[in-house]
Structure formats: C-alpha cells, structure tokens
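Undergrad: Sending over structure-v3.cif (mmCIF, C-alpha atoms).
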data_work
loop_
_atom_site.label_atom_id
_atom_site.label_comp_id
_atom_site.auth_asym_id
_atom_site.auth_seq_id
_atom_site.Cartn_x
_atom_site.Cartn_y
_atom_site.Cartn_z
CA MET A 600 2.57 11.58 -17.57
CA SER A 601 6.28 11.85 -16.97
CA ASP A 602 8.53 8.88 -16.40
CA SER A 603 10.95 11.08 -14.51
CA LEU A 604 12.04 9.29 -11.42
CA SER A 605 13.67 11.80 -9.14
CA GLU A 606 10.62 12.48 -7.02
CA ARG A 607 9.22 9.03 -7.15
CA LEU A 608 11.93 6.45 -7.24
CA LYS A 609 13.80 6.46 -3.98
CA ALA A 610 17.06 4.57 -3.93
CA GLU A 611 19.68 3.92 -1.31
CA VAL A 612 22.41 5.81 -3.10
CA THR A 613 25.54 4.60 -1.41
CA ALA A 614 27.46 4.47 -4.68
CA PRO A 615 29.79 7.38 -5.48
CA LEU A 616 28.90 9.78 -8.26
CA GLN A 617 30.96 8.87 -11.34
CA ARG A 618 31.75 11.02 -14.36
CA PHE A 619 32.13 9.69 -17.90
CA LYS A 620 33.12 11.45 -21.10
CA LYS A 621 30.93 11.32 -24.20
CA GLY A 622 31.69 8.09 -26.02
CA SER A 623 32.65 6.13 -22.88
CA ILE A 624 31.38 2.57 -22.74
CA ILE A 625 30.08 1.68 -19.28
CA GLN A 626 28.97 -1.89 -20.00
CA LYS A 627 29.83 -4.34 -22.79
CA ALA A 628 27.93 -7.39 -23.99
CA GLY A 629 29.52 -10.37 -22.24
CA ASP A 630 30.34 -8.52 -19.00
CA LEU A 631 29.72 -10.90 -16.12
CA LYS A 632 28.40 -8.31 -13.72
CA THR A 633 25.62 -5.87 -14.61
CA HIS A 634 24.32 -2.86 -12.73
CA ALA A 635 21.47 -0.41 -12.53
CA ILE A 636 22.79 2.95 -13.72
CA TYR A 637 21.02 6.03 -12.45
CA VAL A 638 21.63 9.05 -14.70
CA LYS A 639 22.16 12.34 -12.90
CA SER A 640 23.13 14.24 -16.07
CA GLY A 641 23.84 13.44 -19.70
CA VAL A 642 22.40 10.89 -22.12
CA LEU A 643 23.13 7.15 -22.08
CA ARG A 644 21.91 4.50 -24.45
CA SER A 645 21.82 0.70 -24.47
CA TYR A 646 22.09 -1.37 -27.62
CA VAL A 647 22.85 -4.80 -29.03
CA LEU A 648 24.91 -5.83 -32.01
CA ASP A 649 23.21 -8.44 -34.19
CA SER A 650 25.03 -11.30 -35.92
CA ASN A 651 25.80 -8.96 -38.85
CA GLY A 652 27.35 -6.39 -36.51
CA LYS A 653 24.40 -4.01 -36.91
CA GLU A 654 23.43 -1.87 -33.89
CA HIS A 655 19.88 -1.94 -32.55
CA ILE A 656 19.13 0.63 -29.85
CA TYR A 657 17.11 -0.72 -26.95
CA MET A 658 16.66 2.49 -24.96
CA PHE A 659 17.93 5.94 -24.08
CA ALA A 660 18.26 7.33 -20.58
CA THR A 661 18.43 11.01 -19.72
CA GLU A 662 18.37 12.83 -16.38
CA ASP A 663 16.60 10.81 -13.65
CA TRP A 664 16.22 7.64 -15.72
CA VAL A 665 17.64 4.28 -14.74
CA ILE A 666 19.27 2.12 -17.41
CA GLY A 667 20.51 -1.44 -17.13
CA ASP A 668 20.23 -4.95 -18.43
CA ILE A 669 17.39 -6.42 -16.45
CA GLU A 670 17.30 -9.70 -18.34
CA ALA A 671 20.97 -10.41 -17.55
CA MET A 672 20.54 -9.22 -13.97
CA GLU A 673 17.44 -11.24 -13.27
CA TYR A 674 18.54 -14.46 -14.93
CA GLN A 675 22.19 -14.20 -13.85
CA GLN A 676 23.41 -14.10 -17.43
CA PRO A 677 26.35 -12.19 -18.89
CA ALA A 678 25.29 -8.79 -20.21
CA HIS A 679 23.44 -8.71 -23.52
CA LEU A 680 23.53 -4.95 -23.87
CA TYR A 681 26.22 -2.39 -24.45
CA ILE A 682 25.69 0.83 -22.51
CA ASP A 683 27.53 3.99 -23.56
CA CYS A 684 27.43 7.75 -23.12
CA LEU A 685 26.07 9.99 -25.89
CA GLU A 686 26.99 13.08 -23.84
CA ASP A 687 29.36 13.66 -20.93
CA ALA A 688 27.50 12.06 -18.05
CA GLU A 689 27.29 11.85 -14.27
CA VAL A 690 25.88 8.57 -12.99
CA TYR A 691 25.45 6.39 -9.94
CA ILE A 692 26.25 2.76 -10.68
CA MET A 693 24.19 0.68 -8.29
CA GLU A 694 23.10 -2.80 -7.37
CA LYS A 695 19.59 -3.77 -8.39
CA ASP A 696 18.43 -3.94 -4.78
CA ALA A 697 19.22 -0.26 -4.26
CA PHE A 698 15.57 0.29 -5.23
CA PHE A 699 13.91 -2.75 -3.68
CA SER A 700 15.54 -4.28 -0.66
CA ALA A 701 14.20 -6.10 2.37
CA ASP A 702 15.99 -3.51 4.53
CA MET A 703 13.81 -0.68 3.24
CA PRO A 704 10.61 0.47 4.91
CA LYS A 705 7.59 -1.11 3.22
CA ALA A 706 6.24 2.32 2.28
CA GLN A 707 9.36 3.04 0.24
CA ILE A 708 9.13 -0.28 -1.59
CA ILE A 709 5.47 0.36 -2.35
CA SER A 710 6.24 3.87 -3.59
CA ASN A 711 8.93 2.53 -5.96
CA LEU A 712 6.67 -0.14 -7.46
CA PRO A 713 5.02 2.12 -10.06
CA TYR A 714 8.43 2.41 -11.69
CA LEU A 715 8.39 -1.32 -12.50
CA PHE A 716 4.79 -1.33 -13.67
CA ARG A 717 5.41 1.65 -15.90
CA ARG A 718 8.50 0.09 -17.37
CA ILE A 719 6.40 -2.98 -18.22
CA GLY A 720 3.70 -0.75 -19.69
CA ARG A 721 6.25 1.11 -21.82
CA LEU A 722 7.74 -2.15 -23.03
CA GLN A 723 4.30 -3.51 -23.87
CA ARG A 724 3.76 -0.45 -26.07
CA ARG A 725 7.21 -0.87 -27.64
CA VAL A 726 6.54 -4.52 -28.54
CA LEU A 727 3.12 -3.75 -29.97
CA MET A 728 4.52 -0.85 -31.99
CA LEU A 729 7.40 -2.89 -33.36
CA MET A 730 4.89 -5.52 -34.43
CA GLY A 731 2.22 -3.48 -36.07
CA SER A 732 2.38 0.31 -35.91
CA PRO A 733 3.21 2.68 -38.75
CA ALA A 734 6.60 4.39 -38.38
CA ILE A 735 4.96 7.78 -37.79
CA ASP A 736 3.11 6.48 -34.73
CA ARG A 737 6.34 5.07 -33.35
CA TYR A 738 8.08 8.38 -33.85
CA ARG A 739 5.26 10.27 -32.14
CA TYR A 740 5.51 7.91 -29.18
CA PHE A 741 9.27 8.42 -29.10
CA LEU A 742 8.70 12.21 -28.92
CA GLU A 743 6.24 11.75 -26.08
CA LEU A 744 8.68 9.57 -24.15
CA TYR A 745 11.82 11.57 -24.88
CA PRO A 746 10.66 15.09 -25.84
CA GLU A 747 14.09 16.73 -25.69
CA LEU A 748 16.19 14.00 -27.29
CA PRO A 749 15.88 15.00 -30.96
CA ASN A 750 18.09 18.00 -30.17
CA ARG A 751 20.66 16.00 -28.24
CA ILE A 752 21.38 12.85 -30.25
CA PRO A 753 22.08 12.00 -33.90
CA GLN A 754 19.05 11.27 -36.07
CA LYS A 755 20.44 7.92 -37.13
CA MET A 756 20.23 6.75 -33.50
CA ILE A 757 16.58 7.69 -33.31
CA ALA A 758 16.03 5.71 -36.51
CA SER A 759 17.82 2.71 -34.98
CA TYR A 760 15.63 2.90 -31.87
CA LEU A 761 12.52 3.03 -34.05
CA GLY A 762 13.70 0.19 -36.27
CA ILE A 763 13.47 2.30 -39.44
CA MET A 764 15.89 3.68 -42.05
CA PRO A 765 17.33 7.18 -41.42
CA GLN A 766 15.74 8.39 -44.71
CA THR A 767 12.32 7.28 -43.46
CA LEU A 768 12.81 9.26 -40.25
CA SER A 769 13.73 12.33 -42.26
CA THR A 770 10.47 12.03 -44.25
CA LEU A 771 8.48 11.64 -41.02
CA ARG A 772 10.07 14.73 -39.52
CA SER A 773 9.15 16.82 -42.55
CA LYS A 774 5.60 15.51 -42.39
CA ILE A 775 5.26 16.40 -38.69
CA ALA A 776 6.84 19.84 -39.26
CA GLU A 777 4.28 20.56 -42.00
CA GLU A 778 1.41 19.67 -39.67
CA ALA A 779 2.69 21.92 -36.88
CA MET B 95 14.46 -21.09 -15.13
CA SER B 96 10.69 -21.40 -15.07
CA ASP B 97 8.34 -18.47 -15.17
CA SER B 98 5.67 -20.50 -13.44
CA LEU B 99 4.16 -18.45 -10.69
CA SER B 100 2.25 -20.79 -8.44
CA GLU B 101 4.97 -21.24 -5.87
CA ARG B 102 6.39 -17.79 -6.12
CA LEU B 103 3.73 -15.24 -6.84
CA LYS B 104 1.46 -14.97 -3.88
CA ALA B 105 -1.77 -13.13 -4.46
CA GLU B 106 -4.72 -12.29 -2.31
CA VAL B 107 -7.19 -14.34 -4.28
CA THR B 108 -10.50 -13.03 -3.13
CA ALA B 109 -11.98 -13.19 -6.62
CA PRO B 110 -14.20 -16.15 -7.47
CA LEU B 111 -12.93 -18.80 -9.89
CA GLN B 112 -14.53 -18.16 -13.28
CA ARG B 113 -14.92 -20.59 -16.18
CA PHE B 114 -14.82 -19.57 -19.84
CA LYS B 115 -15.36 -21.64 -22.98
CA LYS B 116 -12.78 -21.75 -25.75
CA GLY B 117 -13.26 -18.69 -27.93
CA SER B 118 -14.64 -16.48 -25.16
CA ILE B 119 -13.39 -12.90 -25.15
CA ILE B 120 -12.57 -11.70 -21.62
CA GLN B 121 -11.35 -8.20 -22.52
CA LYS B 122 -11.82 -6.01 -25.60
CA ALA B 123 -9.76 -3.06 -26.79
CA GLY B 124 -11.56 0.04 -25.54
CA ASP B 125 -12.81 -1.53 -22.30
CA LEU B 126 -12.56 1.09 -19.59
CA LYS B 127 -11.61 -1.25 -16.80
CA THR B 128 -8.75 -3.73 -17.09
CA HIS B 129 -7.74 -6.56 -14.79
CA ALA B 130 -4.95 -8.95 -13.99
CA ILE B 131 -6.11 -12.42 -15.03
CA TYR B 132 -4.55 -15.36 -13.26
CA VAL B 133 -4.85 -18.55 -15.31
CA LYS B 134 -5.63 -21.69 -13.32
CA SER B 135 -6.18 -23.87 -16.40
CA GLY B 136 -6.39 -23.41 -20.15
CA VAL B 137 -4.62 -21.07 -22.57
CA LEU B 138 -5.33 -17.35 -22.95
CA ARG B 139 -3.79 -14.90 -25.36
CA SER B 140 -3.67 -11.13 -25.71
CA TYR B 141 -3.50 -9.35 -29.05
CA VAL B 142 -4.03 -6.07 -30.84
CA LEU B 143 -5.68 -5.31 -34.16
CA ASP B 144 -3.68 -2.88 -36.31
CA SER B 145 -5.23 -0.21 -38.52
CA ASN B 146 -5.60 -2.81 -41.30
CA GLY B 147 -7.46 -5.16 -38.98
CA LYS B 148 -4.52 -7.55 -38.77
CA GLU B 149 -3.96 -9.40 -35.47
CA HIS B 150 -0.63 -9.19 -33.65
CA ILE B 151 -0.26 -11.51 -30.67
CA TYR B 152 1.34 -9.90 -27.65
CA MET B 153 1.49 -12.91 -25.32
CA PHE B 154 0.11 -16.28 -24.34
CA ALA B 155 -0.70 -17.35 -20.80
CA THR B 156 -1.01 -20.94 -19.65
CA GLU B 157 -1.41 -22.47 -16.18
CA ASP B 158 -0.02 -20.19 -13.44
CA TRP B 159 0.65 -17.21 -15.69
CA VAL B 160 -0.89 -13.79 -15.22
CA ILE B 161 -2.11 -11.89 -18.28
CA GLY B 162 -3.37 -8.33 -18.48
CA ASP B 163 -2.92 -4.93 -20.05
CA ILE B 164 -0.35 -3.27 -17.84
CA GLU B 165 0.01 -0.17 -19.98
CA ALA B 166 -3.72 0.56 -19.75
CA MET B 167 -3.78 -0.29 -16.06
CA GLU B 168 -0.80 1.82 -15.13
CA TYR B 169 -1.64 4.87 -17.22
CA GLN B 170 -5.40 4.66 -16.63
CA GLN B 171 -6.15 4.24 -20.31
CA PRO B 172 -8.86 2.19 -21.98
CA ALA B 173 -7.65 -1.31 -22.84
CA HIS B 174 -5.36 -1.68 -25.85
CA LEU B 175 -5.42 -5.46 -25.85
CA TYR B 176 -8.02 -8.08 -26.57
CA ILE B 177 -7.76 -11.11 -24.30
CA ASP B 178 -9.46 -14.35 -25.31
CA CYS B 179 -9.44 -18.07 -24.53
CA LEU B 180 -7.73 -20.52 -26.88
CA GLU B 181 -8.91 -23.44 -24.70
CA ASP B 182 -11.66 -23.78 -22.11
CA ALA B 183 -10.21 -21.90 -19.15
CA GLU B 184 -10.52 -21.37 -15.40
CA VAL B 185 -9.29 -17.98 -14.24
CA TYR B 186 -9.27 -15.52 -11.36
CA ILE B 187 -9.95 -11.98 -12.52
CA MET B 188 -8.21 -9.69 -10.08
CA GLU B 189 -7.25 -6.12 -9.32
CA LYS B 190 -3.62 -5.23 -9.91
CA ASP B 191 -2.98 -4.74 -6.23
CA ALA B 192 -3.85 -8.34 -5.50
CA PHE B 193 -0.13 -8.96 -5.89
CA PHE B 194 1.31 -5.79 -4.39
CA SER B 195 -0.67 -4.00 -1.77
CA ALA B 196 0.25 -1.92 1.23
CA ASP B 197 -1.83 -4.31 3.35
CA MET B 198 0.49 -7.23 2.63
CA PRO B 199 3.42 -8.21 4.80
CA LYS B 200 6.64 -6.77 3.41
CA ALA B 201 8.11 -10.27 2.98
CA GLN B 202 5.29 -11.18 0.61
CA ILE B 203 5.77 -8.03 -1.47
CA ILE B 204 9.51 -8.71 -1.67
CA SER B 205 8.89 -12.31 -2.68
CA ASN B 206 6.55 -11.20 -5.50
CA LEU B 207 9.01 -8.66 -6.92
CA PRO B 208 10.99 -11.12 -9.05
CA TYR B 209 7.83 -11.58 -11.09
CA LEU B 210 7.99 -7.93 -12.23
CA PHE B 211 11.73 -7.99 -12.89
CA ARG B 212 11.39 -11.18 -14.91
CA ARG B 213 8.55 -9.76 -16.91
CA ILE B 214 10.76 -6.78 -17.75
CA GLY B 215 13.62 -9.12 -18.62
CA ARG B 216 11.38 -11.18 -20.90
CA LEU B 217 10.09 -8.04 -22.60
CA GLN B 218 13.62 -6.75 -23.07
CA ARG B 219 14.44 -9.99 -24.90
CA ARG B 220 11.22 -9.73 -26.94
CA VAL B 221 12.04 -6.16 -28.08
CA LEU B 222 15.63 -7.04 -28.96
CA MET B 223 14.51 -10.12 -30.88
CA LEU B 224 11.85 -8.24 -32.82
CA MET B 225 14.49 -5.69 -33.75
CA GLY B 226 17.35 -7.86 -34.83
CA SER B 227 17.17 -11.62 -34.36
CA PRO B 228 16.74 -14.23 -37.06
CA ALA B 229 13.32 -15.93 -37.02
CA ILE B 230 14.83 -19.24 -35.91
CA ASP B 231 16.25 -17.65 -32.74
CA ARG B 232 12.87 -16.13 -31.97
CA TYR B 233 11.18 -19.50 -32.39
CA ARG B 234 13.74 -21.23 -30.14
CA TYR B 235 13.11 -18.60 -27.47
CA PHE B 236 9.36 -19.13 -27.86
CA LEU B 237 9.87 -22.88 -27.27
CA GLU B 238 11.93 -22.16 -24.18
CA LEU B 239 9.26 -19.84 -22.81
CA TYR B 240 6.23 -21.91 -23.78
CA PRO B 241 7.51 -25.50 -24.24
CA GLU B 242 4.10 -27.15 -24.41
CA LEU B 243 2.24 -24.59 -26.52
CA PRO B 244 3.05 -25.90 -30.01
CA ASN B 245 0.73 -28.84 -29.28
CA ARG B 246 -2.07 -26.69 -27.91
CA ILE B 247 -2.49 -23.74 -30.27
CA PRO B 248 -2.68 -23.22 -34.04
CA GLN B 249 0.64 -22.67 -35.83
CA LYS B 250 -0.59 -19.42 -37.36
CA MET B 251 -0.88 -17.93 -33.86
CA ILE B 252 2.71 -18.83 -33.09
CA ALA B 253 3.70 -17.15 -36.36
CA SER B 254 1.73 -14.04 -35.36
CA TYR B 255 3.47 -13.93 -31.96
CA LEU B 256 6.85 -14.22 -33.67
CA GLY B 257 5.99 -11.62 -36.29
CA ILE B 258 6.65 -14.00 -39.19
CA MET B 259 4.61 -15.63 -41.97
CA PRO B 260 3.09 -19.07 -41.23
CA GLN B 261 5.10 -20.56 -44.13
CA THR B 262 8.32 -19.32 -42.54
CA LEU B 263 7.39 -21.00 -39.27
CA SER B 264 6.74 -24.26 -41.10
CA THR B 265 10.23 -24.10 -42.63
CA LEU B 266 11.77 -23.41 -39.20
CA ARG B 267 9.97 -26.37 -37.67
CA SER B 268 11.30 -28.73 -40.34
CA LYS B 269 14.81 -27.38 -39.81
CA ILE B 270 14.63 -27.92 -36.04
CA ALA B 271 13.12 -31.41 -36.50
CA GLU B 272 16.05 -32.37 -38.78
CA GLU B 273 18.54 -31.24 -36.15
CA ALA B 274 16.89 -33.28 -33.40
#
Show how you would write the structure in this file as structure tokens.
TA:
Amino acid sequence: MSDSLSERLKAEVTAPLQRFKKGSIIQKAGDLKTHAIYVKSGVLRSYVLDSNGKEHIYMFATEDWVIGDIEAMEYQQPAHLYIDCLEDAEVYIMEKDAFFSADMPKAQIISNLPYLFRRIGRLQRRVLMLMGSPAIDRYRYFLELYPELPNRIPQKMIASYLGIMPQTLSTLRSKIAEEA
Amino acid sequence: MSDSLSERLKAEVTAPLQRFKKGSIIQKAGDLKTHAIYVKSGVLRSYVLDSNGKEHIYMFATEDWVIGDIEAMEYQQPAHLYIDCLEDAEVYIMEKDAFFSADMPKAQIISNLPYLFRRIGRLQRRVLMLMGSPAIDRYRYFLELYPELPNRIPQKMIASYLGIMPQTLSTLRSKIAEEA
C-alpha cells in the first residue's frame, strides 16, 4: 500500500511553489516557527544532531510526501529537526492547518485522516524495529517504504536512518542481492 | 502539557464497560481484529516479542489513555502487539471510528484531531530518543509522560520501554534521587 499522498491528501495550497538547490537547509533545530513541507519534486530529509554532533536521520520525503516537525508544531516548541534537500527540490511550505482546518468541508477532513493514522502506524513500526528487529528486517522495511531511494541518496544516509553502521548496510545489500 | 484525554478526546462510547483482572491479555499478536481500548482505570501495556522471545514494551496506558495497534488497524494486518493489564482495569473496547466518524459533527472531529498530532509528536520524540539520546534523557522523558507509573509497575518494565538494562535504570534512578 502506497503512502503517496497526491490523490488522497487534499490541502489548501495557498503557499507559493518554492525551489531549493541540493544541500539547502530549509529548517534548523532551534527555529521558532515550523512548517509542514509538501514535496512536489526532489528528496528532503529531517535529522537531529546528538550531543556528540552525530547525525540521526528521522525521515526522508520524496514526491508527494509531507515532512515537518510535528512535535515542535504541536507542543509549540522550537524546532528539534533540521530539514534539508538531498536533491534540487520544489516544495510548498505550509501551515499545519492546510490539511485540517475548521473551514474545510467535513468530507475533506475525513478523507485526509488516513494520512495521520498511517503516519502513526509507520512510526509504531519504526519504534518496534529500532527496539527489537534485526538490521535486515529494518532494511527490507525501508525498501518497502522508499523503494526508489537507494538510487537517489548516499548509502551512509540509509545506514543513519536504520541506526546501523555503513559497513553493516553493505553486508545486508550483498545478502539481499544474492537472494534475488 | 498533559496527554490526558478525558476532556479533549470525545468518543461515541457505545461499547459496554469491561473489567479485566491484573495479568489478563486483551489482545495477542496474530489476532485478526484489533480495537482501540480506552482505559477508564488501571494500567495497560502493549508489547512485542522478538524472534528470540524477548519482550519490548511499546507503550503504557493509564486512566484516560487510548491504547491499540494502529499499524494493524490502518493496514488491515493481524495484530503485531500484545496488550495486557498490569493492574485490574476497566476499559471500553471500541472501533477506531469511535473517535473520527463521518456521522460526527465537524466540530467534534476537529476537537479530536490534536490527539492524533500529539501521538505523532510523541512518537517522533520516541524514535529520536531511541536513535541518539542518553538513557538518562529517555528516563526523564518517561517520567514527564507517565509521572505516576514508577510507583505502579515493575522497574524491569520501565527498562524494557526505555530499551535499557534494569541495572542501568537503577543507576539512573539513584543519580536523579541525588540531584533532587
């Protein structure tokens, strides 16, 4: 089942389309205002830096995904996440209520709800995998979620998302290639 | 900010109140039908068993929390999570759409939405902490989220939720007690 949003998630896109070059940082940890970023083209990622300055990748967003910092948005905190562009990108930078606002018809709100439930479901899986799943299962789930990303982003970023060492990822890839 | 739901999350409670004894299992991994369980009293937890039979605790739910298996529910999969009672409990076992249904007034749907956004925000924090935060930060966040739980559940379950060894938790507790 695809998590692609274009057909399903209807937003009031009043924001202008914005273009960013690969490497651009759209949000920094500590920013006081956070947004929901709808990706029209390109690849974005969000990540944190831990107290040792190490990056941990929270998520990737490709065409038709929405990326943001929902914790900061919902609890009115400064941003926790950095968000940057791994490819040249076209995005709409929107307020949270672009997807769920009292001004919308009820039917539209109802039709956008599965997006939130699925996000929770995906995060449930991510937590459970981080806690107890072998690295190969996590990588398989990554491939299911982001089938085209291995060709678009550096391997070390996939390893960071999975919480494993780049060498481990390389071993997993060989193993999966042998099975195919 | 509290995550307590009673005032905020309005459900169509048509389900009967059910009572379970401490130790009762309400859902098993593999169950074909999953539910949203609203806790009126007691403590419930959800967990998975990994391929070595080790328990990993996904979440706890006390008074006014809702616990369930949203991944299974949303993707029509058999349950991944076990849900059991850590204290005698009174619960309402409901369908997902008890909280968000097209039959509800729009205002009620809108007023229930923050529950989903907060759940996503909490899960975002959980993922980021599992990836890169020191154990003491995770424990402090646990105390913020579940202030009264340390007196109600075994320490080893808190350790399992945090993804640390029980001995490590014991050291953290002493450290925090010294600071107080």
Undergrad: Give me, as a list in words, all polymer residues having an atom no more than 12 Å from Tyr674 of chain A, counting only C-alpha atoms and skipping those fewer than 5 positions away in the same chain.
TA: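 With the cut-off at 12 Å, the set is Leu631, Lys632, Thr633, Asp668, Ile669 and His679 of chain A; Met95, Ser96, Asp97, Pro208, Tyr209, Phe211, Arg212, Arg213, Ile214, Gly215, Arg216 and Arg219 of chain B.
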Undergrad: Rank nothing, just name the residue among A:Lys774, A:Lys609, A:Lys639, A:Arg725 nearest to chain B, using only C-alpha atoms.
TA: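 Ranked by minimum distance to chain B, first place goes to A:Arg725.
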Undergrad: Which residues would end up in the selection if the PyMOL selection byres ((chain A) within 7 of (chain B)) were applied here, given that I need the answer as a PyMOL selection string?
TA: chain A and resi 649+655+657+669-670+673+701+705+709+715-717+719-723+726-727+729-732+762
Undergrad: What gap, in Å, lies between atom CA of Ile735 of chain A and atom CA of Phe236 of chain B?
TA: 29.0 Å
Undergrad: Report, in Å to a single decimal, how far apart atom CA of Ala229 of chain B and atom CA of Ile177 of chain B are.
TA: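 Going from atom CA of Ile177 of chain B over to atom CA of Ala229 of chain B, I get 25.1 Å.
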